[in-house]
Each structure stands twice: as C-alpha cells, then as structure tokens.
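S.K.: Input structure: upload-v3.pdb, which contains PDB, C-alpha atoms.
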ATOM      1  CA  MET A   1       9.912 -13.494  -1.274
ATOM      2  CA  ASN A   2       7.001 -11.113  -2.073
ATOM      3  CA  GLU A   3       9.105  -8.025  -2.708
ATOM      4  CA  ILE A   4       7.638  -4.764  -4.059
ATOM      5  CA  LYS A   5      10.022  -2.427  -5.874
ATOM      6  CA  LEU A   6       9.266   1.057  -7.144
ATOM      7  CA  VAL A   7      11.065   1.925 -10.388
ATOM      8  CA  HIS A   8      10.658   4.703 -12.942
ATOM      9  CA  LEU A   9       8.094   3.985 -15.633
ATOM     10  CA  ASN A  10      10.686   4.616 -18.332
ATOM     11  CA  ASN A  11      12.474   1.451 -17.160
ATOM     12  CA  ILE A  12       9.540  -0.724 -18.286
ATOM     13  CA  GLU A  13       9.371  -2.206 -21.763
ATOM     14  CA  GLU A  14       6.758  -0.461 -23.898
ATOM     15  CA  LYS A  15       5.197  -3.829 -24.766
ATOM     16  CA  LYS A  16       4.511  -4.600 -21.095
ATOM     17  CA  LEU A  17       2.887  -1.226 -20.518
ATOM     18  CA  LEU A  18       0.795  -1.591 -23.668
ATOM     19  CA  ASN A  19      -0.335  -5.064 -22.579
ATOM     20  CA  LEU A  20      -1.394  -3.747 -19.168
ATOM     21  CA  MET A  21      -3.230  -0.680 -20.433
ATOM     22  CA  ASN A  22      -5.023  -2.655 -23.148
ATOM     23  CA  HIS A  23      -6.020  -5.542 -20.878
ATOM     24  CA  GLU A  24      -9.812  -5.851 -21.078
ATOM     25  CA  MET A  25     -10.313  -6.056 -17.311
ATOM     26  CA  VAL A  26      -8.086  -3.025 -16.682
ATOM     27  CA  GLY A  27      -9.848  -1.009 -19.368
ATOM     28  CA  LYS A  28     -13.232  -1.590 -17.743
ATOM     29  CA  LEU A  29     -11.973   0.201 -14.627
ATOM     30  CA  MET A  30     -10.493   3.211 -16.420
ATOM     31  CA  PRO A  31     -13.004   5.432 -18.235
ATOM     32  CA  LEU A  32     -10.237   7.586 -19.706
ATOM     33  CA  LEU A  33      -9.022   4.525 -21.659
ATOM     34  CA  LYS A  34     -12.266   3.974 -23.553
ATOM     35  CA  ASN A  35     -10.474   4.312 -26.910
ATOM     36  CA  GLY A  36      -7.623   1.962 -26.070
ATOM     37  CA  PHE A  37      -3.931   2.695 -25.577
ATOM     38  CA  SER A  38      -1.741   2.870 -28.682
ATOM     39  CA  LYS A  39       2.036   3.073 -29.052
ATOM     40  CA  GLU A  40       1.654   6.816 -29.604
ATOM     41  CA  ASP A  41      -0.517   7.066 -26.456
ATOM     42  CA  CYS A  42       2.200   5.190 -24.575
ATOM     43  CA  LYS A  43       4.886   7.615 -25.752
ATOM     44  CA  ILE A  44       2.777  10.639 -24.731
ATOM     45  CA  PHE A  45       1.871   8.969 -21.410
ATOM     46  CA  LEU A  46       5.521   8.267 -20.523
ATOM     47  CA  GLN A  47       6.564  11.805 -21.456
ATOM     48  CA  ALA A  48       3.754  13.304 -19.350
ATOM     49  CA  LYS A  49       4.591  11.141 -16.330
ATOM     50  CA  GLN A  50       8.293  12.035 -16.614
ATOM     51  CA  GLU A  51       7.350  15.712 -16.805
ATOM     52  CA  LEU A  52       5.550  15.340 -13.442
ATOM     53  CA  TRP A  53       8.807  14.124 -11.923
ATOM     54  CA  ASN A  54      10.762  16.953 -13.565
ATOM     55  CA  LYS A  55       8.345  19.677 -12.480
ATOM     56  CA  HIS A  56       7.171  18.463  -9.038
ATOM     57  CA  GLY A  57       9.889  16.088  -7.866
ATOM     58  CA  PHE A  58       7.463  13.168  -7.648
ATOM     59  CA  GLY A  59       5.200  11.184  -9.900
ATOM     60  CA  PRO A  60       4.029   7.647 -10.568
ATOM     61  CA  TRP A  61       6.269   4.611 -10.522
ATOM     62  CA  ALA A  62       6.180   1.206 -12.095
ATOM     63  CA  PHE A  63       5.655  -1.590  -9.576
ATOM     64  CA  LEU A  64       7.770  -4.715  -9.724
ATOM     65  CA  ILE A  65       6.635  -7.639  -7.617
ATOM     66  CA  ASN A  66       9.296 -10.288  -7.316
ATOM     67  CA  GLU A  67      11.017  -8.568 -10.271
ATOM     68  CA  GLU A  68       7.907  -8.867 -12.511
ATOM     69  CA  PHE A  69       6.097  -5.786 -13.859
ATOM     70  CA  ALA A  70       2.787  -5.662 -11.994
ATOM     71  CA  GLY A  71       1.493  -2.198 -12.877
ATOM     72  CA  TRP A  72       2.015   1.464 -12.228
ATOM     73  CA  GLY A  73       0.853   4.187  -9.904
ATOM     74  CA  GLY A  74       1.748   5.959  -6.733
ATOM     75  CA  LEU A  75       1.521   9.678  -6.177
ATOM     76  CA  GLN A  76       1.038  12.212  -8.895
ATOM     77  CA  PRO A  77       0.100  15.891  -8.774
ATOM     78  CA  GLU A  78      -3.578  16.450  -9.640
ATOM     79  CA  ASN A  79      -5.059  19.940  -9.221
ATOM     80  CA  GLY A  80      -2.535  20.846  -6.523
ATOM     81  CA  GLU A  81      -3.067  17.586  -4.614
ATOM     82  CA  ALA A  82      -0.993  14.422  -4.232
ATOM     83  CA  ASP A  83      -3.289  11.914  -5.909
ATOM     84  CA  PHE A  84      -2.826   8.172  -5.458
ATOM     85  CA  ALA A  85      -3.202   6.099  -8.612
ATOM     86  CA  LEU A  86      -3.033   2.324  -8.843
ATOM     87  CA  VAL A  87      -3.238   0.381 -12.100
ATOM     88  CA  LEU A  88      -2.416  -3.285 -11.642
ATOM     89  CA  HIS A  89      -2.510  -6.235 -13.977
ATOM     90  CA  PRO A  90      -5.310  -8.572 -12.818
ATOM     91  CA  ASP A  91      -2.690 -11.191 -11.912
ATOM     92  CA  PHE A  92      -1.600  -8.786  -9.138
ATOM     93  CA  TRP A  93      -4.916  -7.399  -7.919
ATOM     94  CA  GLY A  94      -4.387  -8.864  -4.436
ATOM     95  CA  TRP A  95      -1.304  -6.647  -3.981
ATOM     96  CA  GLY A  96      -3.107  -3.294  -3.871
ATOM     97  CA  PHE A  97      -3.170  -2.966  -0.084
ATOM     98  CA  LYS A  98       0.556  -3.681   0.288
ATOM     99  CA  ILE A  99       1.422  -1.230  -2.477
ATOM    100  CA  PHE A 100      -0.853   1.427  -0.999
ATOM    101  CA  ASN A 101       0.770   1.043   2.435
ATOM    102  CA  LYS A 102       4.216   1.471   0.901
ATOM    103  CA  ILE A 103       3.145   4.635  -0.947
ATOM    104  CA  ARG A 104       1.212   6.034   2.049
ATOM    105  CA  ASN A 105       4.237   5.588   4.304
ATOM    106  CA  LEU A 106       6.455   7.265   1.733
ATOM    107  CA  ALA A 107       4.005  10.185   1.345
ATOM    108  CA  PHE A 108       3.382  10.813   5.024
ATOM    109  CA  GLU A 109       6.677   9.818   6.637
ATOM    110  CA  GLU A 110       9.292  10.780   4.040
ATOM    111  CA  MET A 111       7.623  13.419   1.859
ATOM    112  CA  ASN A 112       5.559  14.972   4.690
ATOM    113  CA  ILE A 113       2.518  15.381   2.436
ATOM    114  CA  SER A 114      -0.538  16.672   4.316
ATOM    115  CA  SER A 115      -3.088  14.483   2.506
ATOM    116  CA  ILE A 116      -3.546  12.003  -0.314
ATOM    117  CA  THR A 117      -6.520  11.930  -2.662
ATOM    118  CA  ILE A 118      -7.928   9.104  -4.760
ATOM    119  CA  LEU A 119     -10.188   9.615  -7.756
ATOM    120  CA  PHE A 120     -12.823   6.995  -8.535
ATOM    121  CA  PRO A 121     -15.240   6.976 -11.456
ATOM    122  CA  PRO A 122     -18.797   6.600 -10.098
ATOM    123  CA  SER A 123     -19.006   3.183 -11.788
ATOM    124  CA  ARG A 124     -16.387   1.778  -9.383
ATOM    125  CA  THR A 125     -17.990  -0.144  -6.573
ATOM    126  CA  ASN A 126     -14.917  -0.610  -4.377
ATOM    127  CA  ILE A 127     -14.921   2.840  -2.795
ATOM    128  CA  LYS A 128     -15.707   1.085   0.485
ATOM    129  CA  ALA A 129     -12.237  -0.461   0.389
ATOM    130  CA  ALA A 130     -10.720   3.034   0.386
ATOM    131  CA  THR A 131     -12.926   4.158   3.269
ATOM    132  CA  LYS A 132     -11.615   1.218   5.296
ATOM    133  CA  PHE A 133      -8.150   2.780   4.909
ATOM    134  CA  GLY A 134      -9.497   6.048   6.351
ATOM    135  CA  PHE A 135     -10.346   7.922   3.151
ATOM    136  CA  ILE A 136     -13.408  10.179   3.285
ATOM    137  CA  LYS A 137     -15.472  11.561   0.405
ATOM    138  CA  ASP A 138     -14.265  14.997  -0.581
ATOM    139  CA  GLY A 139     -16.198  16.179  -3.617
ATOM    140  CA  GLU A 140     -16.200  15.457  -7.306
ATOM    141  CA  LEU A 141     -13.925  16.350 -10.204
ATOM    142  CA  ASP A 142     -14.304  16.439 -13.975
ATOM    143  CA  ILE A 143     -11.325  15.182 -15.967
ATOM    144  CA  LEU A 144     -11.524  15.216 -19.758
ATOM    145  CA  GLY A 145     -15.314  15.094 -19.578
ATOM    146  CA  GLU A 146     -15.422  12.171 -17.150
ATOM    147  CA  LYS A 147     -16.807  12.538 -13.638
ATOM    148  CA  PHE A 148     -14.744  11.280 -10.690
ATOM    149  CA  ILE A 149     -15.458  11.032  -6.976
ATOM    150  CA  ARG A 150     -12.579  12.387  -4.896
ATOM    151  CA  LEU A 151     -11.668  10.762  -1.573
ATOM    152  CA  ARG A 152      -9.074  12.121   0.852
ATOM    153  CA  LEU A 153      -6.799  10.643   3.507
ATOM    154  CA  ASN A 154      -5.204  13.148   5.875
ATOM    155  CA  ASN A 155      -1.744  12.692   7.285
ATOM    156  CA  PRO A 156      -2.322  11.814  10.964
ATOM    157  CA  SER A 157       1.003  13.449  11.923
ATOM    158  CA  ILE A 158       0.004  16.894  10.694
TER     159      ILE A 158
END
In structure tokens, write the structure found in this file.
M.R.:
Amino acid sequence: MNEIKLVHLNNIEEKKLLNLMNHEMVGKLMPLLKNGFSKEDCKIFLQAKQELWNKHGFGPWAFLINEEFAGWGGLQPENGEADFALVLHPDFWGWGFKIFNKIRNLAFEEMNISSITILFPPSRTNIKAATKFGFIKDGELDILGEKFIRLRLNNPSI
C-alpha cells in the first residue's frame, strides 16, 4: 500500500516519540540532541511545535507510513523562513524522498510559499542529496551554539 499520512504530533504516543529521538542512529544526525531526549524534553518539544501551528498556521507533522509512526518533520518557521525538517526512524530512511515531495507540493502548490530552506550540520555528508532536488547553498546559521549550513529551494511558480 505504501501510504504516507501527515498527522499532528500530539496524536503520537509519547513513548514512540521518545524512542525515535533517543535512537542512537538518529541522535548522531542531530547535534541539538547531544544530551538525549527526556520525557520533560518531549513535553516541551510538543508544546513548542503546537505553538508554531497556533502562531503561524503551519508546523511539523508526524509521518505515518502504512499507519506506523515513521518520524516527524515537514515545514516549520525558522527565522522568517519555511524550513523543512525530516527526522525518520532508521527503519524508514528510504522514505525521505517521497515525504519531501509530498511536503514540497503542499508548500508550493497549496500554501504558495516562495521558498523552502533546509538546515544541515556541517557533519552531515548527504547535502548532495538535497542539491539533487534543486536546493542551493544559502549561508550559515547558528542555533543554540551549533553551526548549520542553510540550503534553499525556490518555488518555480513564483
């Protein structure tokens, strides 16, 4: 069936989110998680992500693939930009392209967003994958003391 559903993060069991965010392979890709992800962190995280929806009208979703929680991400406001985030459980790492296409289409066709950014820590070696989708390097950003490379994809319709 291979169906991708976008649901609000608050619909996901805390245990599943904790398991994802504390997965060793996921943690290696996320420098802001260097101290782990506790139940209190999860509560604060969910509140912050809901506040994005309340304030901006969009924010990250949870991804269900064939009804199974696969991860979270999508678009979230970051310094006035629509930033694409994607955090998948390693069992679903092959789904990134399909999820990205779904989010890109939503951003450009339904939300009429002018561009999408992605933030990569310099340690990530898969920036080339993003450039294959049309992203171009667009500066650097510091978030909580961590350096990130910003890439941008412009809406071809604007």
S.K.: Which distance in Å separates CA of Trp72 (chain A) and CA of Ile99 (chain A), to one decimal?
M.R.: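 Going from CA of Trp72 (chain A) over to CA of Ile99 (chain A), I get 10.1 Å.
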S.K.: With a cut-off of 12 Å, could you pull out the residues of region 118-157 of chain A touching region 73-88 of chain A and give me the nearest pair of atoms for each, distance in Å to one decimal, using only C-alpha atoms, ordered by chain and ascending number, as a tab-separated table?
M.R.:
residue	atom	partner	partner_atom	distance
A:Ile118	CA	A:Phe84	CA	5.2
A:Leu119	CA	A:Asp83	CA	7.5
A:Phe120	CA	A:Ala85	CA	9.7
A:Ala130	CA	A:Phe84	CA	11.1
A:Phe135	CA	A:Phe84	CA	11.4
A:Leu141	CA	A:Asn79	CA	9.6
A:Asp142	CA	A:Asn79	CA	11.0
A:Ile143	CA	A:Glu78	CA	10.1
A:Arg150	CA	A:Asp83	CA	9.4
A:Leu151	CA	A:Asp83	CA	9.5
A:Arg152	CA	A:Asp83	CA	8.9
A:Leu153	CA	A:Phe84	CA	10.1
A:Asn154	CA	A:Ala82	CA	11.0
A:Asn155	CA	A:Ala82	CA	11.7
S.K.: Quick check, in Å to one decimal: how far apart do CA of Glu3 (chain A) and CA of Leu17 (chain A) lie?
M.R.: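 Value for the CA of Glu3 (chain A)-CA of Leu17 (chain A) distance: 20.1 Å.
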S.K.: CA of Thr117 (chain A) to CA of Asp138 (chain A): how many Å, to one decimal?
M.R.: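 Going from CA of Thr117 (chain A) over to CA of Asp138 (chain A), I get 8.6 Å.
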S.K.: Expanded to explicit residues, what is the PyMOL selection byres ((chain A and resi 19-28) around 10) for this file, as a list in words?
M.R.: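 Written out, the selection comes to Glu14, Lys15, Lys16, Leu17, Leu18, Leu29, Met30, Pro31, Leu32, Leu33, Lys34, Asn35, Gly36, Phe37, Ser38, Cys42, Phe69, Ala70, Gly71, Trp72, Val87, Leu88, His89, Pro90, Ser123 and Arg124 of chain A.
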S.K.: Can you give me, as a PyMOL selection string, the residues this file yields under the PyMOL selection byres ((chain A and resi 114) around 8)?
M.R.: chain A and resi 108+112-113+115-116+154-155+158
